[in-house]
Structure formats: structure tokens, C-alpha cells
$ cat model-v2.pdb   # PDB, C-alpha atoms, pLDDT in the B column
ATOM      1  CA  ILE V   1     128.428-137.371 -75.904  1.00 51.00           C
ATOM      2  CA  ASP V   2     124.944-138.218 -74.633  1.00 53.00           C
ATOM      3  CA  LEU V   3     122.878-139.654 -77.470  1.00 60.00           C
ATOM      4  CA  CYS V   4     119.711-139.631 -75.339  1.00 68.00           C
ATOM      5  CA  MET V   5     117.212-136.801 -75.521  1.00 70.00           C
ATOM      6  CA  GLY V   6     117.659-134.427 -72.600  1.00 68.00           C
ATOM      7  CA  PRO V   7     117.786-132.507 -70.453  1.00 72.00           C
ATOM      8  CA  HIS V   8     118.251-134.960 -67.599  1.00 77.00           C
ATOM      9  CA  VAL V   9     118.562-132.222 -64.971  1.00 80.00           C
ATOM     10  CA  PRO V  10     117.247-128.615 -65.045  1.00 83.00           C
ATOM     11  CA  HIS V  11     120.822-127.259 -65.019  1.00 83.00           C
ATOM     12  CA  THR V  12     124.339-128.466 -64.202  1.00 84.00           C
ATOM     13  CA  GLY V  13     124.278-126.558 -60.902  1.00 86.00           C
ATOM     14  CA  LYS V  14     122.192-129.408 -59.521  1.00 85.00           C
ATOM     15  CA  ILE V  15     125.149-131.803 -59.920  1.00 87.00           C
ATOM     16  CA  LYS V  16     127.253-131.573 -56.774  1.00 89.00           C
ATOM     17  CA  ALA V  17     128.857-135.041 -56.898  1.00 90.00           C
ATOM     18  CA  PHE V  18     129.778-137.179 -59.903  1.00 88.00           C
ATOM     19  CA  LYS V  19     131.348-140.606 -60.383  1.00 91.00           C
ATOM     20  CA  VAL V  20     132.275-142.583 -63.518  1.00 91.00           C
ATOM     21  CA  LEU V  21     131.343-146.201 -62.807  1.00 89.00           C
ATOM     22  CA  ARG V  22     132.481-148.152 -65.864  1.00 85.00           C
ATOM     23  CA  SER V  23     132.815-148.157 -69.643  1.00 86.00           C
ATOM     24  CA  SER V  24     132.098-150.645 -72.409  1.00 80.00           C
ATOM     25  CA  ALA V  25     132.312-150.975 -76.186  1.00 79.00           C
ATOM     26  CA  SER V  26     129.252-150.961 -78.426  1.00 76.00           C
ATOM     27  CA  GLN V  27     128.198-150.332 -82.025  1.00 75.00           C
ATOM     28  CA  TRP V  28     125.952-147.598 -83.362  1.00 75.00           C
ATOM     29  CA  LEU V  29     122.323-148.820 -83.261  1.00 71.00           C
ATOM     30  CA  GLY V  30     123.547-152.183 -81.954  1.00 65.00           C
ATOM     31  CA  ASP V  31     124.727-153.265 -85.418  1.00 71.00           C
ATOM     32  CA  VAL V  32     128.187-154.876 -85.499  1.00 71.00           C
ATOM     33  CA  ASN V  33     128.678-153.483 -89.027  1.00 80.00           C
ATOM     34  CA  ASN V  34     128.368-149.891 -87.809  1.00 82.00           C
ATOM     35  CA  ASP V  35     131.034-147.656 -86.267  1.00 83.00           C
ATOM     36  CA  PRO V  36     132.297-148.681 -82.813  1.00 84.00           C
ATOM     37  CA  LEU V  37     131.355-146.499 -79.853  1.00 84.00           C
ATOM     38  CA  GLN V  38     132.556-146.245 -76.279  1.00 85.00           C
ATOM     39  CA  ARG V  39     129.778-146.245 -73.692  1.00 82.00           C
ATOM     40  CA  VAL V  40     130.583-144.510 -70.408  1.00 86.00           C
ATOM     41  CA  TYR V  41     128.413-145.145 -67.334  1.00 87.00           C
ATOM     42  CA  GLY V  42     128.271-142.495 -64.646  1.00 88.00           C
ATOM     43  CA  ILE V  43     126.089-141.339 -61.770  1.00 89.00           C
ATOM     44  CA  SER V  44     125.483-137.959 -60.198  1.00 90.00           C
ATOM     45  CA  PHE V  45     123.871-136.773 -56.964  1.00 90.00           C
ATOM     46  CA  PRO V  46     122.924-133.404 -55.467  1.00 90.00           C
ATOM     47  CA  SER V  47     125.334-134.038 -52.565  1.00 91.00           C
ATOM     48  CA  LYS V  48     128.550-135.923 -51.823  1.00 91.00           C
ATOM     49  CA  LYS V  49     126.833-137.653 -48.905  1.00 93.00           C
ATOM     50  CA  LEU V  50     124.185-139.216 -51.159  1.00 93.00           C
ATOM     51  CA  LEU V  51     126.869-140.329 -53.619  1.00 92.00           C
ATOM     52  CA  LYS V  52     128.840-141.947 -50.801  1.00 93.00           C
ATOM     53  CA  VAL V  53     125.774-143.865 -49.603  1.00 93.00           C
ATOM     54  CA  HIS V  54     125.020-145.010 -53.162  1.00 92.00           C
ATOM     55  CA  LEU V  55     128.571-146.275 -53.744  1.00 92.00           C
ATOM     56  CA  ALA V  56     128.470-148.147 -50.418  1.00 92.00           C
ATOM     57  CA  ASN V  57     125.213-149.816 -51.464  1.00 91.00           C
ATOM     58  CA  LEU V  58     126.769-150.828 -54.790  1.00 89.00           C
ATOM     59  CA  GLU V  59     129.701-152.468 -53.006  1.00 89.00           C
ATOM     60  CA  ALA V  60     127.352-154.300 -50.640  1.00 89.00           C
ATOM     61  CA  ALA V  61     125.314-155.517 -53.613  1.00 86.00           C
ATOM     62  CA  LYS V  62     128.487-156.861 -55.259  1.00 87.00           C
ATOM     63  CA  GLU V  63     129.238-158.899 -52.135  1.00 88.00           C
ATOM     64  CA  ARG V  64     125.739-160.445 -52.313  1.00 89.00           C
ATOM     65  CA  ASP V  65     125.694-160.903 -56.100  1.00 92.00           C
ATOM     66  CA  HIS V  66     124.663-164.533 -56.752  1.00 93.00           C
ATOM     67  CA  ARG V  67     126.881-164.644 -59.846  1.00 91.00           C
ATOM     68  CA  ARG V  68     129.940-163.902 -57.732  1.00 92.00           C
ATOM     69  CA  LEU V  69     128.893-166.266 -54.935  1.00 93.00           C
ATOM     70  CA  GLY V  70     128.050-169.019 -57.423  1.00 94.00           C
ATOM     71  CA  ALA V  71     131.548-168.929 -58.883  1.00 92.00           C
ATOM     72  CA  GLN V  72     133.272-168.450 -55.536  1.00 93.00           C
ATOM     73  CA  GLN V  73     131.453-171.353 -53.868  1.00 95.00           C
ATOM     74  CA  LYS V  74     131.534-173.533 -57.015  1.00 96.00           C
ATOM     75  CA  LEU V  75     127.743-173.811 -57.216  1.00 97.00           C
ATOM     76  CA  PHE V  76     127.160-173.230 -60.920  1.00 97.00           C
ATOM     77  CA  LEU V  77     128.791-171.942 -64.096  1.00 96.00           C
ATOM     78  CA  PHE V  78     127.905-170.773 -67.594  1.00 94.00           C
ATOM     79  CA  HIS V  79     129.692-171.545 -70.858  1.00 95.00           C
ATOM     80  CA  LYS V  80     129.810-169.512 -74.054  1.00 92.00           C
ATOM     81  CA  LEU V  81     128.766-172.573 -76.067  1.00 95.00           C
ATOM     82  CA  SER V  82     125.438-172.661 -74.206  1.00 95.00           C
ATOM     83  CA  PRO V  83     124.710-169.106 -73.011  1.00 93.00           C
ATOM     84  CA  GLY V  84     121.852-168.701 -70.576  1.00 94.00           C
ATOM     85  CA  SER V  85     121.894-172.380 -69.568  1.00 96.00           C
ATOM     86  CA  ALA V  86     123.489-173.096 -66.203  1.00 96.00           C
ATOM     87  CA  PHE V  87     125.736-176.006 -65.344  1.00 97.00           C
ATOM     88  CA  PHE V  88     124.925-176.868 -61.726  1.00 97.00           C
ATOM     89  CA  LEU V  89     128.084-178.195 -60.077  1.00 97.00           C
ATOM     90  CA  PRO V  90     127.968-180.855 -57.306  1.00 98.00           C
ATOM     91  CA  HIS V  91     127.485-178.372 -54.438  1.00 97.00           C
ATOM     92  CA  GLY V  92     124.915-176.406 -56.415  1.00 97.00           C
ATOM     93  CA  THR V  93     123.073-179.601 -57.302  1.00 97.00           C
ATOM     94  CA  ILE V  94     122.805-180.472 -53.599  1.00 97.00           C
ATOM     95  CA  ILE V  95     121.108-177.123 -52.969  1.00 96.00           C
ATOM     96  CA  TYR V  96     118.915-177.545 -56.051  1.00 96.00           C
ATOM     97  CA  ASN V  97     117.743-181.017 -55.017  1.00 96.00           C
ATOM     98  CA  THR V  98     117.148-179.876 -51.435  1.00 97.00           C
ATOM     99  CA  LEU V  99     114.847-177.123 -52.703  1.00 95.00           C
ATOM    100  CA  CYS V 100     112.990-179.610 -54.932  1.00 95.00           C
ATOM    101  CA  ASP V 101     112.567-182.027 -52.008  1.00 96.00           C
ATOM    102  CA  PHE V 102     111.200-179.206 -49.858  1.00 96.00           C
ATOM    103  CA  ILE V 103     108.608-178.264 -52.487  1.00 96.00           C
ATOM    104  CA  ARG V 104     107.709-181.921 -53.150  1.00 96.00           C
ATOM    105  CA  THR V 105     106.988-182.399 -49.438  1.00 97.00           C
ATOM    106  CA  GLN V 106     104.606-179.445 -49.574  1.00 97.00           C
ATOM    107  CA  TYR V 107     102.986-180.793 -52.753  1.00 96.00           C
ATOM    108  CA  ARG V 108     102.099-184.036 -50.994  1.00 96.00           C
ATOM    109  CA  ARG V 109     100.773-182.255 -47.917  1.00 97.00           C
ATOM    110  CA  ARG V 110      98.617-179.939 -50.042  1.00 97.00           C
ATOM    111  CA  GLY V 111      97.130-182.545 -52.355  1.00 97.00           C
ATOM    112  CA  TYR V 112      99.190-181.991 -55.520  1.00 97.00           C
ATOM    113  CA  SER V 113     100.104-184.838 -57.871  1.00 97.00           C
ATOM    114  CA  GLU V 114     103.481-184.536 -59.590  1.00 96.00           C
ATOM    115  CA  VAL V 115     103.767-185.404 -63.287  1.00 97.00           C
ATOM    116  CA  VAL V 116     106.512-185.414 -65.926  1.00 96.00           C
ATOM    117  CA  SER V 117     105.559-183.891 -69.280  1.00 95.00           C
ATOM    118  CA  PRO V 118     107.295-183.649 -72.719  1.00 96.00           C
ATOM    119  CA  ASN V 119     109.801-180.921 -73.564  1.00 96.00           C
ATOM    120  CA  ILE V 120     108.808-180.502 -77.226  1.00 97.00           C
ATOM    121  CA  TYR V 121     105.429-180.195 -78.923  1.00 97.00           C
ATOM    122  CA  ASN V 122     104.040-179.633 -82.388  1.00 97.00           C
ATOM    123  CA  LEU V 123     103.491-175.897 -82.811  1.00 96.00           C
ATOM    124  CA  LYS V 124      99.795-176.607 -83.397  1.00 97.00           C
ATOM    125  CA  LEU V 125      99.462-176.851 -79.621  1.00 97.00           C
ATOM    126  CA  TRP V 126     100.822-173.339 -79.127  1.00 94.00           C
ATOM    127  CA  GLU V 127      98.570-172.044 -81.902  1.00 95.00           C
ATOM    128  CA  GLN V 128      95.552-173.567 -80.184  1.00 95.00           C
ATOM    129  CA  SER V 129      96.524-172.110 -76.789  1.00 93.00           C
ATOM    130  CA  GLY V 130      97.209-168.682 -78.289  1.00 90.00           C
ATOM    131  CA  HIS V 131     100.853-168.599 -77.203  1.00 90.00           C
ATOM    132  CA  ALA V 132     102.193-168.782 -80.777  1.00 91.00           C
ATOM    133  CA  LEU V 133     100.476-165.511 -81.698  1.00 89.00           C
ATOM    134  CA  HIS V 134     102.188-163.522 -78.949  1.00 86.00           C
ATOM    135  CA  TYR V 135     105.180-165.616 -77.886  1.00 88.00           C
ATOM    136  CA  LYS V 136     106.565-167.503 -80.887  1.00 92.00           C
ATOM    137  CA  ASP V 137     109.573-165.165 -81.322  1.00 90.00           C
ATOM    138  CA  ASP V 138     110.675-166.105 -77.804  1.00 92.00           C
ATOM    139  CA  MET V 139     110.477-169.854 -78.468  1.00 95.00           C
ATOM    140  CA  PHE V 140     113.049-172.259 -79.869  1.00 96.00           C
ATOM    141  CA  THR V 141     111.356-173.731 -82.951  1.00 96.00           C
ATOM    142  CA  PHE V 142     112.564-176.291 -85.497  1.00 96.00           C
ATOM    143  CA  ASP V 143     111.374-178.534 -88.322  1.00 97.00           C
ATOM    144  CA  VAL V 144     110.355-182.152 -87.739  1.00 96.00           C
ATOM    145  CA  GLU V 145     109.304-184.088 -90.844  1.00 96.00           C
ATOM    146  CA  GLY V 146     108.011-180.962 -92.534  1.00 96.00           C
ATOM    147  CA  GLU V 147     106.087-179.590 -89.550  1.00 97.00           C
ATOM    148  CA  GLU V 148     107.072-176.860 -87.093  1.00 97.00           C
ATOM    149  CA  TRP V 149     107.749-177.885 -83.516  1.00 97.00           C
ATOM    150  CA  GLY V 150     108.900-175.959 -80.473  1.00 96.00           C
ATOM    151  CA  MET V 151     110.524-176.448 -77.082  1.00 96.00           C
ATOM    152  CA  LYS V 152     108.069-175.561 -74.365  1.00 96.00           C
ATOM    153  CA  PRO V 153     108.553-172.170 -72.673  1.00 95.00           C
ATOM    154  CA  MET V 154     105.799-172.964 -70.133  1.00 94.00           C
ATOM    155  CA  ASN V 155     103.883-176.003 -68.891  1.00 95.00           C
ATOM    156  CA  CYS V 156     100.287-174.752 -69.229  1.00 94.00           C
ATOM    157  CA  PRO V 157      99.247-176.229 -72.637  1.00 95.00           C
ATOM    158  CA  GLY V 158     100.859-179.584 -71.878  1.00 96.00           C
ATOM    159  CA  HIS V 159      98.929-179.907 -68.622  1.00 97.00           C
ATOM    160  CA  CYS V 160      95.727-179.128 -70.502  1.00 96.00           C
ATOM    161  CA  LEU V 161      96.523-182.022 -72.853  1.00 97.00           C
ATOM    162  CA  LEU V 162      97.079-184.273 -69.852  1.00 96.00           C
ATOM    163  CA  PHE V 163      93.777-183.268 -68.237  1.00 96.00           C
ATOM    164  CA  GLY V 164      91.854-183.665 -71.493  1.00 95.00           C
ATOM    165  CA  SER V 165      93.342-187.065 -72.315  1.00 95.00           C
ATOM    166  CA  MET V 166      90.375-188.922 -70.788  1.00 95.00           C
ATOM    167  CA  ALA V 167      86.828-188.392 -69.569  1.00 95.00           C
ATOM    168  CA  ARG V 168      86.809-186.772 -66.137  1.00 94.00           C
ATOM    169  CA  SER V 169      84.305-186.913 -63.292  1.00 96.00           C
ATOM    170  CA  TYR V 170      83.467-184.001 -61.026  1.00 95.00           C
ATOM    171  CA  ARG V 171      84.496-186.317 -58.204  1.00 95.00           C
ATOM    172  CA  GLU V 172      88.125-185.961 -59.364  1.00 96.00           C
ATOM    173  CA  LEU V 173      88.035-182.203 -58.843  1.00 97.00           C
ATOM    174  CA  PRO V 174      89.904-180.263 -57.764  1.00 97.00           C
ATOM    175  CA  MET V 175      92.799-181.848 -59.664  1.00 97.00           C
ATOM    176  CA  ARG V 176      96.133-180.243 -58.752  1.00 98.00           C
ATOM    177  CA  ILE V 177      98.923-181.102 -61.228  1.00 97.00           C
ATOM    178  CA  ALA V 178     102.539-180.187 -60.370  1.00 97.00           C
ATOM    179  CA  ASP V 179     105.555-180.326 -62.688  1.00 96.00           C
ATOM    180  CA  PHE V 180     109.272-179.538 -62.444  1.00 94.00           C
ATOM    181  CA  GLY V 181     109.374-179.406 -66.250  1.00 92.00           C
ATOM    182  CA  VAL V 182     112.435-178.132 -68.115  1.00 95.00           C
ATOM    183  CA  LEU V 183     111.549-174.883 -69.922  1.00 96.00           C
ATOM    184  CA  HIS V 184     113.387-173.042 -72.711  1.00 96.00           C
ATOM    185  CA  ARG V 185     112.904-169.422 -73.709  1.00 95.00           C
ATOM    186  CA  ASN V 186     114.800-167.723 -76.515  1.00 93.00           C
ATOM    187  CA  GLU V 187     115.880-164.648 -74.558  1.00 90.00           C
ATOM    188  CA  GLN V 188     118.073-162.063 -76.272  1.00 85.00           C
ATOM    189  CA  SER V 189     121.748-162.607 -75.421  1.00 83.00           C
ATOM    190  CA  GLY V 190     122.073-159.057 -74.068  1.00 79.00           C
ATOM    191  CA  ALA V 191     119.262-159.696 -71.578  1.00 84.00           C
ATOM    192  CA  LEU V 192     120.819-162.808 -70.006  1.00 88.00           C
ATOM    193  CA  THR V 193     121.787-162.199 -66.362  1.00 89.00           C
ATOM    194  CA  GLY V 194     123.083-164.977 -64.104  1.00 92.00           C
ATOM    195  CA  LEU V 195     120.272-167.241 -62.896  1.00 94.00           C
ATOM    196  CA  THR V 196     117.647-164.494 -62.990  1.00 92.00           C
ATOM    197  CA  ARG V 197     117.323-164.277 -66.797  1.00 92.00           C
ATOM    198  CA  VAL V 198     118.165-167.492 -68.606  1.00 95.00           C
ATOM    199  CA  ARG V 199     117.257-169.605 -71.637  1.00 96.00           C
ATOM    200  CA  ARG V 200     116.916-172.939 -69.843  1.00 96.00           C
ATOM    201  CA  PHE V 201     115.352-173.337 -66.390  1.00 95.00           C
ATOM    202  CA  GLN V 202     112.988-175.353 -64.210  1.00 92.00           C
ATOM    203  CA  GLN V 203     110.277-174.031 -61.932  1.00 87.00           C
ATOM    204  CA  ASP V 204     107.916-175.520 -59.364  1.00 86.00           C
ATOM    205  CA  ASP V 205     104.932-175.116 -61.635  1.00 91.00           C
ATOM    206  CA  ALA V 206     101.361-176.313 -61.078  1.00 95.00           C
ATOM    207  CA  HIS V 207      97.871-176.028 -62.556  1.00 97.00           C
ATOM    208  CA  ILE V 208      94.565-176.641 -60.832  1.00 97.00           C
ATOM    209  CA  PHE V 209      91.461-177.920 -62.596  1.00 97.00           C
ATOM    210  CA  CYS V 210      88.340-177.361 -60.503  1.00 97.00           C
ATOM    211  CA  GLU V 211      84.657-176.510 -60.472  1.00 97.00           C
ATOM    212  CA  GLU V 212      83.536-172.904 -60.387  1.00 96.00           C
ATOM    213  CA  SER V 213      82.301-173.358 -56.823  1.00 97.00           C
ATOM    214  CA  GLN V 214      85.834-174.428 -55.781  1.00 98.00           C
ATOM    215  CA  ILE V 215      87.738-171.480 -57.276  1.00 97.00           C
ATOM    216  CA  GLN V 216      87.746-169.262 -54.184  1.00 97.00           C
ATOM    217  CA  ASP V 217      89.037-171.973 -51.844  1.00 97.00           C
ATOM    218  CA  GLU V 218      91.705-173.024 -54.361  1.00 98.00           C
ATOM    219  CA  VAL V 219      92.944-169.451 -54.891  1.00 95.00           C
ATOM    220  CA  VAL V 220      93.121-168.840 -51.133  1.00 96.00           C
ATOM    221  CA  ALA V 221      95.039-172.109 -50.659  1.00 97.00           C
ATOM    222  CA  CYS V 222      97.475-171.155 -53.460  1.00 95.00           C
ATOM    223  CA  LEU V 223      98.169-167.776 -51.882  1.00 95.00           C
ATOM    224  CA  GLU V 224      98.712-169.395 -48.491  1.00 96.00           C
ATOM    225  CA  PHE V 225     101.129-171.887 -50.115  1.00 97.00           C
ATOM    226  CA  MET V 226     103.074-169.053 -51.718  1.00 94.00           C
ATOM    227  CA  LYS V 227     103.194-167.063 -48.461  1.00 95.00           C
ATOM    228  CA  PHE V 228     104.411-170.137 -46.556  1.00 97.00           C
ATOM    229  CA  VAL V 229     107.347-170.640 -48.941  1.00 96.00           C
ATOM    230  CA  TYR V 230     108.260-166.959 -49.213  1.00 95.00           C
ATOM    231  CA  ASP V 231     108.162-166.471 -45.427  1.00 96.00           C
ATOM    232  CA  ILE V 232     110.582-169.366 -44.885  1.00 96.00           C
ATOM    233  CA  PHE V 233     113.167-167.670 -47.131  1.00 94.00           C
ATOM    234  CA  GLY V 234     112.450-164.164 -45.819  1.00 94.00           C
ATOM    235  CA  MET V 235     111.292-162.925 -49.218  1.00 92.00           C
ATOM    236  CA  SER V 236     108.851-160.074 -49.681  1.00 92.00           C
ATOM    237  CA  TYR V 237     106.432-159.881 -52.604  1.00 90.00           C
ATOM    238  CA  LYS V 238     103.806-157.791 -54.348  1.00 91.00           C
ATOM    239  CA  LEU V 239     100.646-159.260 -55.877  1.00 90.00           C
ATOM    240  CA  GLU V 240      98.938-158.119 -59.065  1.00 90.00           C
ATOM    241  CA  LEU V 241      95.904-159.615 -60.808  1.00 88.00           C
ATOM    242  CA  SER V 242      96.788-161.155 -64.157  1.00 85.00           C
ATOM    243  CA  THR V 243      93.932-161.315 -66.680  1.00 85.00           C
ATOM    244  CA  ARG V 244      93.762-162.299 -70.360  1.00 76.00           C
ATOM    245  CA  PRO V 245      93.508-159.043 -72.336  1.00 75.00           C
ATOM    246  CA  LYS V 246      92.982-159.190 -76.101  1.00 74.00           C
ATOM    247  CA  LYS V 247      96.585-158.007 -76.596  1.00 67.00           C
TER     248      LYS V 247
END
$ encode --input "model-v2.pdb" --output "C-alpha cells"
Amino acid sequence: IDLCMGPHVPHTGKIKAFKVLRSSASQWLGDVNNDPLQRVYGISFPSKKLLKVHLANLEAAKERDHRRLGAQQKLFLFHKLSPGSAFFLPHGTIIYNTLCDFIRTQYRRRGYSEVVSPNIYNLKLWEQSGHALHYKDDMFTFDVEGEEWGMKPMNCPGHCLLFGSMARSYRELPMRIADFGVLHRNEQSGALTGLTRVRRFQQDDAHIFCEESQIQDEVVACLEFMKFVYDIFGMSYKLELSTRPKK
């Protein structure tokens, strides 16, 4: 029984090839107290040839799946007592540290200064930055001596605290601050997927403080930095302008 609103095709005559892929258990409306259901996943195509190509692509994707390769090559693992937080095994840690060393070398060549910043902050910081209004539900928060604190899901506000900790001269600008900070995001358990959607991670993150007259050169240099790294790993990308809308 399809509980989604249809129709999905104009008529069943369009379905020339069909394949059941897998099944799984679930509860009505996602509530464990409701009746159990059996979810069946299937795919259809207007020709057997297209179905065959699709199934071949699925098999190829399985061979390249980083979750499978990670377990097979003993690079990393996950445990049910800490879902969404990877244990990097010795071989995986070698790869991880090699990537960090590569980025650090580029930081030095491109005038970035690496810092180490705190993992937890009083929630007042996130209220001041505006993150609490839109992002608090996705943060890990807890009580400390009667005040609400949170584990940082991004480095931005902390770097602003660092920059504003003393009087600055225009001669210091541009100031490029880099950080391999540990980040935590309270992702829904059903959304967790290998290393691509996690609750605990680190990223080569940086923020640039500069004068208005320096913005264009800094943006161009950032894009060149990104292209340099992506080209080395043969990765393609698509750019979109991110603004700060009211909502």
C-alpha cells in the first residue's frame, strides 16, 4: 500500500520494468507506540535496459561506498553508544593526520594563523550571534551552575570573541584565523550516514577579518584556495552566494 499521494505515473502501462530493492520495518507516523508497518522499496523504469543500467550503477556505488571501505580497510568505526561520532582507527588516523598536515602547509603559505578555541560556550554567545534563534534545536545544550551552555556547532562566534579580545590596528589586517575545532551538531538519528552526516566532526575552518577595500582580494584568494584543494582530489563543485536573510 502506497501511503503517499499519487499518481506517480500517468498509468501503469508506463511501467515496463520493476525491481524490489529492499524492505524495512517502521511505525505509523514514526511513533514507536503506533502499529508496526513494513516499508518496501522498489524502482521502476520505462524499459528493461534502463533498469539494468540503474542496477549496475547501484552495484558500482556499493563498491565505492566509504562506509564499506572504512570497515573493510579498518579505517574507522561507529558504536551504538556514541552514534554519529566516528572512532578513527590507526590506519584511518594516518590518513586524517596526512590531510591535516596538507591543509596546514597551505595555511602557512597563504598567510593563515592556526588557533585552538574552546568546545563549549555560554549560550549567551549564540544568542548574541543569532545562532540560538535558528539553530538551538540542533545544538547539544546543558546546565552549568544554573546557566545554559552549549557545545559549539560552528567556529564563527568563537573566532569573533578571539578577534575582539583586544584593540586591533588596521595594520594587522587582513587577519586570517584557521581552526581545526571539534564541532558537535545534534542531528536526528535517522539522518546519520557514515562520515557524511555525523554529530561530531572537525573541519578545516577559517575566518578572515579585513578592511572593506580588501574584501575582493580576500574572496578571490579564498576561491583560488578552494579550487587548488578540490583539483588535487579531483572533486567537482558548484558555487552559490550565501547571504543573511531575515529568516
$ resolve_selection --input "model-v2.pdb" --expression "the PyMOL selection byres ((chain V and resi 82) around 12)" --output "MDAnalysis selection string"
chainID V and resid 77:81 83:87 186 189 192 198:200
$ resolve_selection --input "model-v2.pdb" --expression "the PyMOL selection byres ((chain V and resi 106) around 12)" --output "NGL selection string"
:V and (99-105 or 107-114 or 178 or 204 or 222 or 224-226 or 228-229)
$ write_last_selection --input "model-v2.pdb" --atoms "C-alpha atoms" --output "short mmCIF file (atom, residue, chain, number, x, y, z; two decimals), in the coordinates of the input"
data_model
loop_
_atom_site.label_atom_id
_atom_site.label_comp_id
_atom_site.auth_asym_id
_atom_site.auth_seq_id
_atom_site.Cartn_x
_atom_site.Cartn_y
_atom_site.Cartn_z
CA LEU V 99 114.85 -177.12 -52.70
CA CYS V 100 112.99 -179.61 -54.93
CA ASP V 101 112.57 -182.03 -52.01
CA PHE V 102 111.20 -179.21 -49.86
CA ILE V 103 108.61 -178.26 -52.49
CA ARG V 104 107.71 -181.92 -53.15
CA THR V 105 106.99 -182.40 -49.44
CA TYR V 107 102.99 -180.79 -52.75
CA ARG V 108 102.10 -184.04 -50.99
CA ARG V 109 100.77 -182.26 -47.92
CA ARG V 110 98.62 -179.94 -50.04
CA GLY V 111 97.13 -182.54 -52.36
CA TYR V 112 99.19 -181.99 -55.52
CA SER V 113 100.10 -184.84 -57.87
CA GLU V 114 103.48 -184.54 -59.59
CA ALA V 178 102.54 -180.19 -60.37
CA ASP V 204 107.92 -175.52 -59.36
CA CYS V 222 97.48 -171.16 -53.46
CA GLU V 224 98.71 -169.40 -48.49
CA PHE V 225 101.13 -171.89 -50.12
CA MET V 226 103.07 -169.05 -51.72
CA PHE V 228 104.41 -170.14 -46.56
CA VAL V 229 107.35 -170.64 -48.94
#
$ residues_near_point --input "model-v2.pdb" --point "(131.7, -151.0, -71.5)" --cutoff "8 Å" --atoms "all atoms listed in the file" --output "NGL selection string"
:V and (22-26 or 38-41)
$ closest_residue --input "model-v2.pdb" --among "V:Ala206, V:Ala61, V:Leu69, V:Ile43" --to "Gly194 (chain V)" --atoms "only C-alpha atoms"
V:Leu69
$ closest_residue --input "model-v2.pdb" --among "V:Arg185, V:Arg67, V:Lys48, V:His159" --to "Lys14 (chain V)" --atoms "all atoms listed in the file"
V:Lys48
$ residues_around --input "model-v2.pdb" --residues "region 215-217 of chain V" --least-positions-apart "6" --cutoff "12 Å" --atoms "only C-alpha atoms" --output "list in words"
Leu173, Pro174, Met175, Ile208, Phe209, Leu223 and Glu224 of chain V
$ residues_around --input "model-v2.pdb" --residues "region 137-151 of chain V" --least-positions-apart "4" --cutoff "12 Å" --atoms "all atoms listed in the file" --output "VMD selection string"
chain V and resid 117 to 127 131 to 133 155 158 181 to 189 198 to 200
$ resolve_selection --input "model-v2.pdb" --expression "the PyMOL selection byres ((chain V and resi 49-52) around 12)" --output "list in words"
Ile15, Lys16, Ala17, Phe18, Lys19, Val20, Leu21, Gly42, Ile43, Ser44, Phe45, Pro46, Ser47, Lys48, Val53, His54, Leu55, Ala56, Asn57, Leu58 and Glu59 of chain V
$ atom_distance --input "model-v2.pdb" --atom1 "CA of Lys227 (chain V)" --atom2 "CA of Leu239 (chain V)"
11.1 Å
$ closest_residue --input "model-v2.pdb" --among "V:Met154, V:Asp231, V:Ala167, V:Leu29" --to "Phe201 (chain V)" --atoms "all atoms listed in the file"
V:Met154
$ axis_aligned_box --input "model-v2.pdb" --around "region 156-163 of chain V" --padding-each-side "4 Å" --output "lines of an AutoDock Vina configuration file"
center_x = 97.3
center_y = -179.5
center_z = -70.5
size_x = 15.1
size_y = 17.5
size_z = 12.6
$ closest_residue --input "model-v2.pdb" --among "V:Phe163, V:Tyr170, V:Phe233, V:Tyr135" --to "Val115 (chain V)" --atoms "all atoms listed in the file"
V:Phe163
$ build_atoms --input "model-v2.pdb" --residues "region 28-39 of chain V" --atoms "N, CA and C atoms" --output "PDB file, in the frame of the given file"
ATOM      1  N   TRP V  28     127.065-148.495 -83.088  1.00 75.00           N
ATOM      2  CA  TRP V  28     125.952-147.598 -83.362  1.00 75.00           C
ATOM      3  C   TRP V  28     124.707-148.408 -83.754  1.00 75.00           C
ATOM      4  N   LEU V  29     123.603-148.148 -83.031  1.00 71.00           N
ATOM      5  CA  LEU V  29     122.323-148.820 -83.261  1.00 71.00           C
ATOM      6  C   LEU V  29     122.385-150.326 -83.017  1.00 71.00           C
ATOM      7  N   GLY V  30     123.426-150.772 -82.291  1.00 65.00           N
ATOM      8  CA  GLY V  30     123.547-152.183 -81.954  1.00 65.00           C
ATOM      9  C   GLY V  30     123.930-153.080 -83.107  1.00 65.00           C
ATOM     10  N   ASP V  31     124.362-152.493 -84.226  1.00 71.00           N
ATOM     11  CA  ASP V  31     124.727-153.265 -85.418  1.00 71.00           C
ATOM     12  C   ASP V  31     126.242-153.400 -85.482  1.00 71.00           C
ATOM     13  N   VAL V  32     126.738-154.645 -85.506  1.00 71.00           N
ATOM     14  CA  VAL V  32     128.187-154.876 -85.499  1.00 71.00           C
ATOM     15  C   VAL V  32     128.865-154.332 -86.745  1.00 71.00           C
ATOM     16  N   ASN V  33     128.104-154.036 -87.804  1.00 80.00           N
ATOM     17  CA  ASN V  33     128.678-153.483 -89.027  1.00 80.00           C
ATOM     18  C   ASN V  33     128.844-151.971 -88.969  1.00 80.00           C
ATOM     19  N   ASN V  34     128.268-151.346 -87.946  1.00 82.00           N
ATOM     20  CA  ASN V  34     128.368-149.891 -87.809  1.00 82.00           C
ATOM     21  C   ASN V  34     129.616-149.495 -87.039  1.00 82.00           C
ATOM     22  N   ASP V  35     129.852-148.178 -86.954  1.00 83.00           N
ATOM     23  CA  ASP V  35     131.034-147.656 -86.267  1.00 83.00           C
ATOM     24  C   ASP V  35     131.029-148.039 -84.784  1.00 83.00           C
ATOM     25  N   PRO V  36     132.217-148.358 -84.245  1.00 84.00           N
ATOM     26  CA  PRO V  36     132.297-148.681 -82.813  1.00 84.00           C
ATOM     27  C   PRO V  36     132.151-147.427 -81.964  1.00 84.00           C
ATOM     28  N   LEU V  37     131.538-147.590 -80.803  1.00 84.00           N
ATOM     29  CA  LEU V  37     131.355-146.499 -79.853  1.00 84.00           C
ATOM     30  C   LEU V  37     131.887-146.934 -78.492  1.00 84.00           C
ATOM     31  N   GLN V  38     132.144-145.961 -77.652  1.00 85.00           N
ATOM     32  CA  GLN V  38     132.556-146.245 -76.279  1.00 85.00           C
ATOM     33  C   GLN V  38     131.464-145.731 -75.350  1.00 85.00           C
ATOM     34  N   ARG V  39     130.847-146.641 -74.615  1.00 82.00           N
ATOM     35  CA  ARG V  39     129.778-146.245 -73.692  1.00 82.00           C
ATOM     36  C   ARG V  39     130.364-146.022 -72.308  1.00 82.00           C
TER      37      ARG V  39
END
